[in-house]
$ cat my_file_3.json   # JSON, C-alpha atoms
[["chain", "number", "residue", "atom", "x", "y", "z"],
["A", 1, "MET", "CA", 94.65, 116.64, 85.69],
["A", 2, "ALA", "CA", 93.42, 113.03, 85.78],
["A", 3, "SER", "CA", 91.36, 111.86, 82.83],
["A", 4, "PRO", "CA", 87.93, 110.24, 83.28],
["A", 5, "ALA", "CA", 89.50, 106.88, 82.44],
["A", 6, "GLU", "CA", 92.08, 107.37, 85.21],
["A", 7, "TRP", "CA", 89.37, 108.25, 87.72],
["A", 8, "VAL", "CA", 87.51, 105.07, 86.75],
["A", 9, "ALA", "CA", 90.73, 103.07, 87.16],
["A", 10, "GLY", "CA", 91.25, 104.69, 90.57],
["A", 11, "ALA", "CA", 87.76, 103.57, 91.62],
["A", 12, "ARG", "CA", 89.01, 99.95, 91.24],
["A", 13, "LEU", "CA", 85.90, 98.50, 89.66],
["A", 14, "ARG", "CA", 87.19, 94.97, 90.18],
["A", 15, "THR", "CA", 86.35, 95.34, 93.87],
["A", 16, "LEU", "CA", 82.67, 96.18, 93.27],
["A", 17, "PRO", "CA", 81.52, 92.53, 93.44],
["A", 18, "ALA", "CA", 82.42, 92.72, 97.14],
["A", 19, "ALA", "CA", 79.72, 95.39, 97.45],
["A", 20, "ALA", "CA", 77.04, 93.80, 95.24],
["A", 21, "THR", "CA", 77.31, 90.22, 96.52],
["A", 22, "PRO", "CA", 75.99, 90.75, 100.09],
["A", 23, "VAL", "CA", 72.99, 92.64, 98.73],
["A", 24, "ILE", "CA", 72.19, 89.80, 96.33],
["A", 25, "VAL", "CA", 72.48, 87.15, 99.05],
["A", 26, "GLY", "CA", 70.58, 89.25, 101.58],
["A", 27, "SER", "CA", 67.79, 89.85, 99.07],
["A", 28, "GLY", "CA", 67.62, 86.13, 98.31],
["A", 29, "ALA", "CA", 67.31, 85.38, 102.01],
["A", 30, "ALA", "CA", 64.50, 87.96, 102.26],
["A", 31, "ALA", "CA", 62.72, 86.37, 99.29],
["A", 32, "GLN", "CA", 62.91, 82.99, 101.01],
["A", 33, "VAL", "CA", 60.55, 84.29, 103.71],
["A", 34, "ASP", "CA", 58.43, 86.21, 101.18],
["A", 35, "GLY", "CA", 59.92, 89.53, 102.26],
["A", 36, "PHE", "CA", 61.74, 90.69, 99.11],
["A", 37, "ALA", "CA", 61.17, 94.38, 98.35],
["A", 38, "PHE", "CA", 62.60, 95.97, 95.22],
["A", 39, "TRP", "CA", 63.25, 99.55, 96.38],
["A", 40, "PRO", "CA", 65.01, 98.67, 99.64],
["A", 41, "ALA", "CA", 67.13, 96.19, 97.68],
["A", 42, "LEU", "CA", 68.05, 98.82, 95.11],
["A", 43, "LEU", "CA", 68.87, 101.38, 97.78],
["A", 44, "ALA", "CA", 70.98, 98.86, 99.70],
["A", 45, "LEU", "CA", 72.90, 98.14, 96.50],
["A", 46, "GLY", "CA", 73.48, 101.85, 95.97],
["A", 47, "VAL", "CA", 74.77, 102.26, 99.54],
["A", 48, "ALA", "CA", 77.13, 99.30, 99.19],
["A", 49, "LEU", "CA", 78.55, 100.40, 95.83],
["A", 50, "ALA", "CA", 79.03, 104.00, 96.98],
["A", 51, "LEU", "CA", 80.82, 102.82, 100.13],
["A", 52, "GLN", "CA", 83.11, 100.57, 98.10],
["A", 53, "VAL", "CA", 84.07, 103.34, 95.70],
["A", 54, "GLY", "CA", 84.52, 105.68, 98.65],
["A", 55, "VAL", "CA", 86.86, 103.33, 100.48],
["A", 56, "ASN", "CA", 88.87, 102.78, 97.29],
["A", 57, "TYR", "CA", 89.43, 106.51, 96.81],
["A", 58, "ALA", "CA", 90.09, 106.92, 100.55],
["A", 59, "ASN", "CA", 92.76, 104.21, 100.39],
["A", 60, "ASP", "CA", 94.28, 105.85, 97.31],
["A", 61, "TYR", "CA", 94.47, 109.17, 99.16],
["A", 62, "SER", "CA", 95.73, 107.86, 102.52],
["A", 63, "ASP", "CA", 98.28, 105.43, 101.08],
["A", 64, "GLY", "CA", 99.38, 108.07, 98.58],
["A", 65, "ILE", "CA", 100.16, 110.77, 101.11],
["A", 66, "ARG", "CA", 101.99, 108.22, 103.28],
["A", 67, "GLY", "CA", 104.13, 107.11, 100.36],
["A", 68, "THR", "CA", 103.13, 103.45, 100.66],
["A", 69, "ASP", "CA", 101.78, 103.34, 97.08],
["A", 70, "VAL", "CA", 104.94, 104.50, 95.29],
["A", 71, "GLU", "CA", 106.02, 101.00, 94.27],
["A", 72, "ARG", "CA", 102.92, 98.89, 93.77],
["A", 73, "VAL", "CA", 101.64, 96.27, 91.33],
["A", 74, "GLY", "CA", 98.04, 96.57, 90.18],
["A", 75, "PRO", "CA", 95.67, 99.37, 89.18],
["A", 76, "MET", "CA", 96.99, 102.90, 89.01],
["A", 77, "ARG", "CA", 97.02, 105.09, 92.09],
["A", 78, "LEU", "CA", 95.85, 108.62, 91.46],
["A", 79, "THR", "CA", 97.61, 110.21, 94.43],
["A", 80, "ALA", "CA", 100.88, 108.29, 94.31],
["A", 81, "THR", "CA", 101.37, 108.83, 90.57],
["A", 82, "GLY", "CA", 100.44, 112.51, 90.76],
["A", 83, "ALA", "CA", 97.66, 112.03, 88.20],
["A", 84, "ALA", "CA", 95.34, 113.87, 90.58],
["A", 85, "ARG", "CA", 95.96, 116.14, 93.55],
["A", 86, "ALA", "CA", 95.56, 114.48, 96.94],
["A", 87, "SER", "CA", 92.82, 116.96, 97.84],
["A", 88, "GLU", "CA", 90.87, 115.94, 94.73],
["A", 89, "VAL", "CA", 91.07, 112.25, 95.58],
["A", 90, "ARG", "CA", 90.02, 112.98, 99.16],
["A", 91, "ALA", "CA", 87.06, 114.99, 97.85],
["A", 92, "ALA", "CA", 86.08, 112.07, 95.60],
["A", 93, "ALA", "CA", 86.13, 109.76, 98.63],
["A", 94, "PHE", "CA", 84.00, 112.13, 100.70],
["A", 95, "GLY", "CA", 81.64, 112.56, 97.75],
["A", 96, "ALA", "CA", 81.11, 108.80, 97.54],
["A", 97, "PHE", "CA", 80.61, 108.58, 101.29],
["A", 98, "GLY", "CA", 78.12, 111.43, 101.09],
["A", 99, "LEU", "CA", 76.17, 109.62, 98.38],
["A", 100, "ALA", "CA", 76.16, 106.47, 100.53],
["A", 101, "ALA", "CA", 74.82, 108.51, 103.45],
["A", 102, "VAL", "CA", 71.99, 110.00, 101.37],
["A", 103, "LEU", "CA", 71.01, 106.60, 99.97],
["A", 104, "GLY", "CA", 71.22, 105.13, 103.47],
["A", 105, "LEU", "CA", 68.87, 107.85, 104.75],
["A", 106, "LEU", "CA", 66.41, 106.97, 101.99],
["A", 107, "LEU", "CA", 66.73, 103.27, 102.88],
["A", 108, "CYS", "CA", 65.91, 104.03, 106.52],
["A", 109, "THR", "CA", 62.93, 106.10, 105.39],
["A", 110, "VAL", "CA", 61.58, 103.31, 103.18],
["A", 111, "SER", "CA", 62.19, 100.51, 105.69],
["A", 112, "GLY", "CA", 61.32, 102.46, 108.84],
["A", 113, "HIS", "CA", 64.43, 101.21, 110.68],
["A", 114, "TRP", "CA", 65.99, 104.51, 111.71],
["A", 115, "TRP", "CA", 68.46, 102.96, 114.14],
["A", 116, "LEU", "CA", 70.36, 101.68, 111.11],
["A", 117, "LEU", "CA", 71.62, 105.24, 110.60],
["A", 118, "ALA", "CA", 74.09, 104.56, 113.42],
["A", 119, "VAL", "CA", 75.26, 101.40, 111.64],
["A", 120, "GLY", "CA", 75.73, 103.39, 108.45],
["A", 121, "ALA", "CA", 77.79, 106.01, 110.26],
["A", 122, "LEU", "CA", 80.03, 103.28, 111.68],
["A", 123, "ALA", "CA", 80.45, 101.82, 108.19],
["A", 124, "ILE", "CA", 81.64, 105.18, 106.84],
["A", 125, "LEU", "CA", 84.05, 105.64, 109.74],
["A", 126, "ALA", "CA", 85.39, 102.11, 109.21],
["A", 127, "ALA", "CA", 85.85, 102.84, 105.51],
["A", 128, "TRP", "CA", 87.86, 106.00, 106.19],
["A", 129, "TYR", "CA", 90.01, 104.72, 109.06],
["A", 130, "TYR", "CA", 90.97, 101.53, 107.22],
["A", 131, "THR", "CA", 93.98, 103.43, 105.89],
["A", 132, "GLY", "CA", 93.15, 106.95, 107.12],
["A", 133, "GLY", "CA", 93.88, 108.76, 110.34],
["A", 134, "ARG", "CA", 96.96, 108.53, 112.54],
["A", 135, "ASN", "CA", 96.64, 104.83, 113.35],
["A", 136, "PRO", "CA", 94.81, 103.05, 110.51],
["A", 137, "TYR", "CA", 93.61, 99.58, 111.47],
["A", 138, "GLY", "CA", 94.42, 98.26, 107.99],
["A", 139, "TYR", "CA", 98.09, 98.84, 108.77],
["A", 140, "ARG", "CA", 97.80, 96.64, 111.87],
["A", 141, "GLY", "CA", 96.49, 93.51, 110.19],
["A", 142, "LEU", "CA", 92.83, 94.19, 111.01],
["A", 143, "GLY", "CA", 91.63, 95.01, 107.50],
["A", 144, "GLU", "CA", 90.02, 91.61, 107.05],
["A", 145, "VAL", "CA", 88.10, 92.09, 110.30],
["A", 146, "GLY", "CA", 86.56, 95.32, 109.01],
["A", 147, "VAL", "CA", 85.78, 93.77, 105.62],
["A", 148, "PHE", "CA", 84.20, 90.68, 107.19],
["A", 149, "VAL", "CA", 82.02, 92.74, 109.51],
["A", 150, "PHE", "CA", 80.84, 95.45, 107.11],
["A", 151, "PHE", "CA", 80.97, 93.79, 103.67],
["A", 152, "GLY", "CA", 79.84, 90.47, 105.08],
["A", 153, "LEU", "CA", 77.69, 90.54, 108.18],
["A", 154, "VAL", "CA", 76.35, 94.10, 108.15],
["A", 155, "ALA", "CA", 75.67, 94.36, 104.41],
["A", 156, "THR", "CA", 74.03, 90.94, 104.06],
["A", 157, "LEU", "CA", 72.00, 90.93, 107.26],
["A", 158, "GLY", "CA", 71.10, 94.60, 106.85],
["A", 159, "THR", "CA", 69.76, 93.90, 103.38],
["A", 160, "THR", "CA", 67.58, 91.06, 104.63],
["A", 161, "TYR", "CA", 66.38, 93.01, 107.65],
["A", 162, "THR", "CA", 65.39, 96.17, 105.76],
["A", 163, "GLN", "CA", 63.23, 94.05, 103.45],
["A", 164, "ALA", "CA", 61.81, 91.25, 105.61],
["A", 165, "ASP", "CA", 62.10, 92.82, 109.09],
["A", 166, "VAL", "CA", 63.76, 89.62, 110.32],
["A", 167, "VAL", "CA", 67.18, 87.99, 110.27],
["A", 168, "THR", "CA", 67.01, 84.31, 109.32],
["A", 169, "TRP", "CA", 69.59, 81.60, 109.89],
["A", 170, "PRO", "CA", 70.26, 81.17, 106.13],
["A", 171, "SER", "CA", 70.93, 84.91, 105.89],
["A", 172, "LEU", "CA", 73.42, 84.60, 108.76],
["A", 173, "VAL", "CA", 75.21, 81.62, 107.17],
["A", 174, "GLY", "CA", 75.21, 83.47, 103.85],
["A", 175, "ALA", "CA", 76.61, 86.59, 105.54],
["A", 176, "VAL", "CA", 79.54, 84.59, 106.94],
["A", 177, "ALA", "CA", 80.20, 83.08, 103.51],
["A", 178, "VAL", "CA", 80.10, 86.45, 101.78],
["A", 179, "GLY", "CA", 82.35, 87.97, 104.42],
["A", 180, "LEU", "CA", 84.94, 85.26, 103.87],
["A", 181, "LEU", "CA", 84.92, 85.83, 100.11],
["A", 182, "ALA", "CA", 85.30, 89.58, 100.60],
["A", 183, "CYS", "CA", 88.28, 88.81, 102.86],
["A", 184, "ALA", "CA", 89.69, 86.52, 100.15],
["A", 185, "LEU", "CA", 89.61, 89.45, 97.75],
["A", 186, "LEU", "CA", 91.55, 91.58, 100.22],
["A", 187, "MET", "CA", 93.91, 88.74, 101.13],
["A", 188, "VAL", "CA", 95.05, 88.04, 97.56],
["A", 189, "ASN", "CA", 95.48, 91.78, 97.00],
["A", 190, "ASN", "CA", 97.67, 92.04, 100.10],
["A", 191, "LEU", "CA", 99.47, 88.79, 99.29],
["A", 192, "ARG", "CA", 100.55, 90.38, 96.01],
["A", 193, "ASP", "CA", 101.76, 93.46, 97.87],
["A", 194, "ILE", "CA", 103.70, 91.78, 100.70],
["A", 195, "PRO", "CA", 107.16, 92.83, 99.43],
["A", 196, "THR", "CA", 106.25, 96.52, 99.07],
["A", 197, "ASP", "CA", 104.10, 96.60, 102.22],
["A", 198, "VAL", "CA", 106.99, 95.23, 104.31],
["A", 199, "VAL", "CA", 109.25, 98.02, 103.04],
["A", 200, "ALA", "CA", 106.55, 100.64, 103.66],
["A", 201, "GLY", "CA", 105.84, 99.38, 107.17],
["A", 202, "LYS", "CA", 102.29, 98.35, 106.32],
["A", 203, "ARG", "CA", 101.54, 95.34, 108.53],
["A", 204, "THR", "CA", 98.58, 93.78, 106.74],
["A", 205, "LEU", "CA", 97.29, 90.38, 107.80],
["A", 206, "ALA", "CA", 99.17, 88.84, 104.87],
["A", 207, "VAL", "CA", 102.40, 90.43, 106.12],
["A", 208, "ARG", "CA", 101.76, 89.25, 109.67],
["A", 209, "LEU", "CA", 100.95, 85.70, 108.59],
["A", 210, "GLY", "CA", 103.82, 85.50, 106.14],
["A", 211, "ASP", "CA", 103.65, 84.37, 102.54],
["A", 212, "TRP", "CA", 103.16, 80.62, 103.17],
["A", 213, "ARG", "CA", 100.35, 80.91, 105.72],
["A", 214, "ALA", "CA", 98.62, 83.76, 103.89],
["A", 215, "ARG", "CA", 98.28, 81.54, 100.83],
["A", 216, "ARG", "CA", 96.66, 78.77, 102.89],
["A", 217, "VAL", "CA", 94.27, 81.21, 104.54],
["A", 218, "PHE", "CA", 93.23, 82.46, 101.09],
["A", 219, "VAL", "CA", 92.42, 78.88, 100.07],
["A", 220, "LEU", "CA", 90.22, 78.45, 103.15],
["A", 221, "MET", "CA", 88.44, 81.72, 102.40],
["A", 222, "ILE", "CA", 87.53, 80.38, 98.95],
["A", 223, "TRP", "CA", 86.49, 76.86, 99.92],
["A", 224, "VAL", "CA", 84.65, 77.34, 103.25],
["A", 225, "PRO", "CA", 81.86, 79.42, 101.58],
["A", 226, "LEU", "CA", 81.14, 76.43, 99.30],
["A", 227, "LEU", "CA", 80.68, 74.27, 102.40],
["A", 228, "LEU", "CA", 78.41, 76.93, 103.91],
["A", 229, "ALA", "CA", 76.28, 76.87, 100.76],
["A", 230, "VAL", "CA", 75.76, 73.15, 101.42],
["A", 231, "VAL", "CA", 74.59, 74.08, 104.94],
["A", 232, "CYS", "CA", 72.08, 76.50, 103.39],
["A", 233, "SER", "CA", 70.69, 73.62, 101.31],
["A", 234, "PHE", "CA", 68.83, 72.49, 104.46],
["A", 235, "ALA", "CA", 66.73, 75.62, 103.99],
["A", 236, "SER", "CA", 66.62, 75.44, 100.18],
["A", 237, "ALA", "CA", 68.11, 72.63, 98.13],
["A", 238, "TRP", "CA", 68.61, 75.08, 95.26],
["A", 239, "THR", "CA", 71.62, 76.59, 97.05],
["A", 240, "LEU", "CA", 73.54, 73.52, 95.86],
["A", 241, "LEU", "CA", 73.72, 75.41, 92.57],
["A", 242, "THR", "CA", 76.81, 77.07, 94.01],
["A", 243, "LEU", "CA", 78.69, 73.80, 93.62],
["A", 244, "VAL", "CA", 79.11, 74.56, 89.92],
["A", 245, "LEU", "CA", 81.88, 76.83, 91.22],
["A", 246, "LEU", "CA", 84.01, 73.90, 92.33],
["A", 247, "LEU", "CA", 86.16, 74.05, 89.19],
["A", 248, "PRO", "CA", 86.62, 77.86, 89.34],
["A", 249, "ALA", "CA", 87.62, 77.44, 92.99],
["A", 250, "VAL", "CA", 90.32, 74.98, 91.95],
["A", 251, "LEU", "CA", 91.53, 77.31, 89.19],
["A", 252, "LEU", "CA", 91.77, 80.22, 91.65],
["A", 253, "THR", "CA", 93.57, 78.38, 94.39],
["A", 254, "LEU", "CA", 96.07, 76.37, 92.33],
["A", 255, "PRO", "CA", 98.28, 79.34, 91.28],
["A", 256, "VAL", "CA", 98.21, 80.71, 94.83],
["A", 257, "ILE", "CA", 99.32, 77.38, 96.30],
["A", 258, "ALA", "CA", 101.89, 77.05, 93.50],
["A", 259, "GLY", "CA", 103.50, 80.31, 94.61],
["A", 260, "ALA", "CA", 102.38, 82.85, 91.99],
["A", 261, "ARG", "CA", 103.68, 86.33, 92.84],
["A", 262, "GLY", "CA", 103.39, 89.96, 91.79],
["A", 263, "PRO", "CA", 101.72, 90.45, 88.39],
["A", 264, "LEU", "CA", 100.83, 86.74, 88.25],
["A", 265, "LEU", "CA", 98.40, 87.32, 91.12],
["A", 266, "VAL", "CA", 96.52, 90.10, 89.29],
["A", 267, "PRO", "CA", 94.36, 87.59, 87.32],
["A", 268, "VAL", "CA", 93.66, 85.77, 90.59],
["A", 269, "LEU", "CA", 92.48, 89.03, 92.11],
["A", 270, "ALA", "CA", 90.14, 89.68, 89.18],
["A", 271, "GLY", "CA", 88.97, 86.08, 89.22],
["A", 272, "THR", "CA", 88.25, 86.21, 92.95],
["A", 273, "GLY", "CA", 85.98, 89.20, 92.42],
["A", 274, "LEU", "CA", 84.07, 87.38, 89.68],
["A", 275, "PHE", "CA", 83.94, 84.22, 91.82],
["A", 276, "GLU", "CA", 82.41, 86.17, 94.69],
["A", 277, "LEU", "CA", 79.81, 87.74, 92.41],
["A", 278, "ALA", "CA", 78.91, 84.37, 90.83],
["A", 279, "TYR", "CA", 78.67, 82.81, 94.30],
["A", 280, "GLY", "CA", 76.37, 85.58, 95.47],
["A", 281, "ILE", "CA", 74.08, 85.24, 92.45],
["A", 282, "LEU", "CA", 73.86, 81.45, 92.75],
["A", 283, "LEU", "CA", 73.35, 81.47, 96.52],
["A", 284, "GLY", "CA", 70.89, 84.36, 96.39],
["A", 285, "VAL", "CA", 68.83, 82.76, 93.63],
["A", 286, "GLY", "CA", 69.05, 79.40, 95.39],
["A", 287, "LEU", "CA", 67.63, 80.88, 98.58],
["A", 288, "ALA", "CA", 64.87, 82.69, 96.69],
["A", 289, "LEU", "CA", 63.64, 79.62, 94.79]]

$ encode --input "my_file_3.json" --output "structure tokens"
Amino acid sequence: MASPAEWVAGARLRTLPAAATPVIVGSGAAAQVDGFAFWPALLALGVALALQVGVNYANDYSDGIRGTDVERVGPMRLTATGAARASEVRAAAFGAFGLAAVLGLLLCTVSGHWWLLAVGALAILAAWYYTGGRNPYGYRGLGEVGVFVFFGLVATLGTTYTQADVVTWPSLVGAVAVGLLACALLMVNNLRDIPTDVVAGKRTLAVRLGDWRARRVFVLMIWVPLLLAVVCSFASAWTLLTLVLLLPAVLLTLPVIAGARGPLLVPVLAGTGLFELAYGILLGVGLAL
């Protein structure tokens, strides 16, 4: 029976910045047009965090029963290691998705935008079929597409819309930036796992691109958002605060370009999550000021 600490490890808390960042940026964009609302923002954050935990447990379950997590660097896998029964991990995933659905229902009630229920349902389906089902799209190199759409565009623009009832151009630019950083988090994770994914037949985007090109794409995913923050400065000069992340961006990309592999990429993965969160805070605050 898995211990509480093992369940927490299985939730992969290092990925949670990918859920919080779009809500922060979307709320900042709403504040820019005097539309910030606390309760919708809090509910949007709850939905995003629950979805992220849900997709992490769903990936643990689906990869575990397929045997693609047997040899893997990084956080422990509950299913693959046998620390928890597959049915328990699946139940944890469905529980998190259920919580996201309840919070999403409350968000629709508070905001009055009931059509967003359909968007929420699509987000849950995308979270499950990333590695679940007979033909998971994450195994075909489309994982970054799903992450960009749902943890970038949908989460950021949805947050702004449920508060301000509009979608502004800074929120759209911010959504693209956040989506790229969420993809960077996935890319460095999959870059680390290329050797084992090739053996397991998991054709992630990193596998399809190959090691050399995947590293260059990761660099672009880190640096383009900084350029997009400069674009947002035409709406609010305070978004230039994000440029304090120039040095962290260098520190993240240097080991990747230098060819760091396996365990050496684990700190880059953790650093990318913190970079995304810091970017979201600075951009969100910059838009709000």

$ closest_residue --input "my_file_3.json" --among "A:Leu117, A:Ala101, A:Trp223, A:Leu186" --to "Arg14 (chain A)" --atoms "only C-alpha atoms"
A:Leu186

$ residues_near_point --input "my_file_3.json" --point "(101.8, 79.4, 93.6)" --cutoff "12 Å" --atoms "all atoms listed in the file" --output "list of chain:residue names"
A:Val188, A:Leu191, A:Arg192, A:Asp211, A:Trp212, A:Ala214, A:Arg215, A:Arg216, A:Phe218, A:Val219, A:Leu251, A:Leu252, A:Thr253, A:Leu254, A:Pro255, A:Val256, A:Ile257, A:Ala258, A:Gly259, A:Ala260, A:Arg261, A:Gly262, A:Leu264, A:Leu265, A:Val268

$ write_last_selection --input "my_file_3.json" --atoms "C-alpha atoms" --output "mmCIF file, in the frame of the given file"
data_model
loop_
_atom_site.group_PDB
_atom_site.id
_atom_site.type_symbol
_atom_site.label_atom_id
_atom_site.label_comp_id
_atom_site.auth_asym_id
_atom_site.auth_seq_id
_atom_site.Cartn_x
_atom_site.Cartn_y
_atom_site.Cartn_z
ATOM 1 C CA VAL A 188 95.050 88.040 97.560
ATOM 2 C CA LEU A 191 99.470 88.790 99.290
ATOM 3 C CA ARG A 192 100.550 90.380 96.010
ATOM 4 C CA ASP A 211 103.650 84.370 102.540
ATOM 5 C CA TRP A 212 103.160 80.620 103.170
ATOM 6 C CA ALA A 214 98.620 83.760 103.890
ATOM 7 C CA ARG A 215 98.280 81.540 100.830
ATOM 8 C CA ARG A 216 96.660 78.770 102.890
ATOM 9 C CA PHE A 218 93.230 82.460 101.090
ATOM 10 C CA VAL A 219 92.420 78.880 100.070
ATOM 11 C CA LEU A 251 91.530 77.310 89.190
ATOM 12 C CA LEU A 252 91.770 80.220 91.650
ATOM 13 C CA THR A 253 93.570 78.380 94.390
ATOM 14 C CA LEU A 254 96.070 76.370 92.330
ATOM 15 C CA PRO A 255 98.280 79.340 91.280
ATOM 16 C CA VAL A 256 98.210 80.710 94.830
ATOM 17 C CA ILE A 257 99.320 77.380 96.300
ATOM 18 C CA ALA A 258 101.890 77.050 93.500
ATOM 19 C CA GLY A 259 103.500 80.310 94.610
ATOM 20 C CA ALA A 260 102.380 82.850 91.990
ATOM 21 C CA ARG A 261 103.680 86.330 92.840
ATOM 22 C CA GLY A 262 103.390 89.960 91.790
ATOM 23 C CA LEU A 264 100.830 86.740 88.250
ATOM 24 C CA LEU A 265 98.400 87.320 91.120
ATOM 25 C CA VAL A 268 93.660 85.770 90.590
#

$ residues_around --input "my_file_3.json" --residues "Leu49 (chain A)" --least-positions-apart "4" --cutoff "7 Å" --atoms "all atoms listed in the file" --output "list in words"
Leu16, Ala19, Ala20, Leu45 and Val53 of chain A

$ closest_atom_pairs --input "my_file_3.json" --of "region 220-258 of chain A" --to "region 272-288 of chain A" --cutoff "7 Å" --atoms "all atoms listed in the file" --output "Markdown table"
| residue | atom | partner | partner_atom | distance |
| --- | --- | --- | --- | --- |
| A:Ala229 | CA | A:Leu283 | CA | 6.9 |
| A:Ser236 | CA | A:Leu287 | CA | 5.8 |
| A:Trp238 | CA | A:Gly286 | CA | 4.3 |
| A:Thr239 | CA | A:Gly286 | CA | 4.2 |
| A:Leu241 | CA | A:Leu282 | CA | 6.0 |
| A:Thr242 | CA | A:Leu282 | CA | 5.4 |

$ write_last_selection --input "my_file_3.json" --atoms "C-alpha atoms" --output "PDB file, keeping the file's coordinate frame"
ATOM      1  CA  ALA A 229      76.280  76.870 100.760  1.00  0.00           C
ATOM      2  CA  SER A 236      66.620  75.440 100.180  1.00  0.00           C
ATOM      3  CA  TRP A 238      68.610  75.080  95.260  1.00  0.00           C
ATOM      4  CA  THR A 239      71.620  76.590  97.050  1.00  0.00           C
ATOM      5  CA  LEU A 241      73.720  75.410  92.570  1.00  0.00           C
ATOM      6  CA  THR A 242      76.810  77.070  94.010  1.00  0.00           C
TER       7      THR A 242
END

$ residues_near_point --input "my_file_3.json" --point "(72.4, 87.8, 107.9)" --cutoff "12 Å" --atoms "only C-alpha atoms" --output "PyMOL selection string"
chain A and resi 22-30+149-179

$ closest_residue --input "my_file_3.json" --among "A:Ala44, A:Ala249, A:Val198, A:Ala84" --to "Leu105 (chain A)" --atoms "only C-alpha atoms"
A:Ala44

$ closest_residue --input "my_file_3.json" --among "A:Gly141, A:Gly82, A:Pro225, A:Gly54" --to "Met187 (chain A)" --atoms "only C-alpha atoms"
A:Gly141

$ atom_distance --input "my_file_3.json" --atom1 "CA of Gly67 (chain A)" --atom2 "CA of Leu181 (chain A)"
28.7 Å

$ closest_residue --input "my_file_3.json" --among "A:Gly201, A:Pro40, A:Val224, A:Ser87" --to "His113 (chain A)" --atoms "all atoms listed in the file"
A:Pro40

$ closest_residue --input "my_file_3.json" --among "A:Ala9, A:Ala37, A:Ala18, A:Ala237" --to "Arg77 (chain A)" --atoms "all atoms listed in the file"
A:Ala9

$ closest_residue --input "my_file_3.json" --among "A:Gly132, A:Gly271, A:Gly210, A:Gly104" --to "Ser62 (chain A)" --atoms "all atoms listed in the file"
A:Gly132

$ atom_distance --input "my_file_3.json" --atom1 "CA of Trp114 (chain A)" --atom2 "CA of Val102 (chain A)"
13.2 Å

$ residues_around --input "my_file_3.json" --residues "Gly10 (chain A)" --least-positions-apart "3" --cutoff "10 Å" --atoms "all atoms listed in the file" --output "list in words"
Ala2, Pro4, Ala5, Glu6, Trp7, Leu13, Val53, Asn56, Tyr57, Asn59, Asp60, Pro75, Met76, Arg77, Leu78, Thr79 and Val89 of chain A

$ atom_distance --input "my_file_3.json" --atom1 "CA of Leu103 (chain A)" --atom2 "CA of Cys183 (chain A)"
25.0 Å
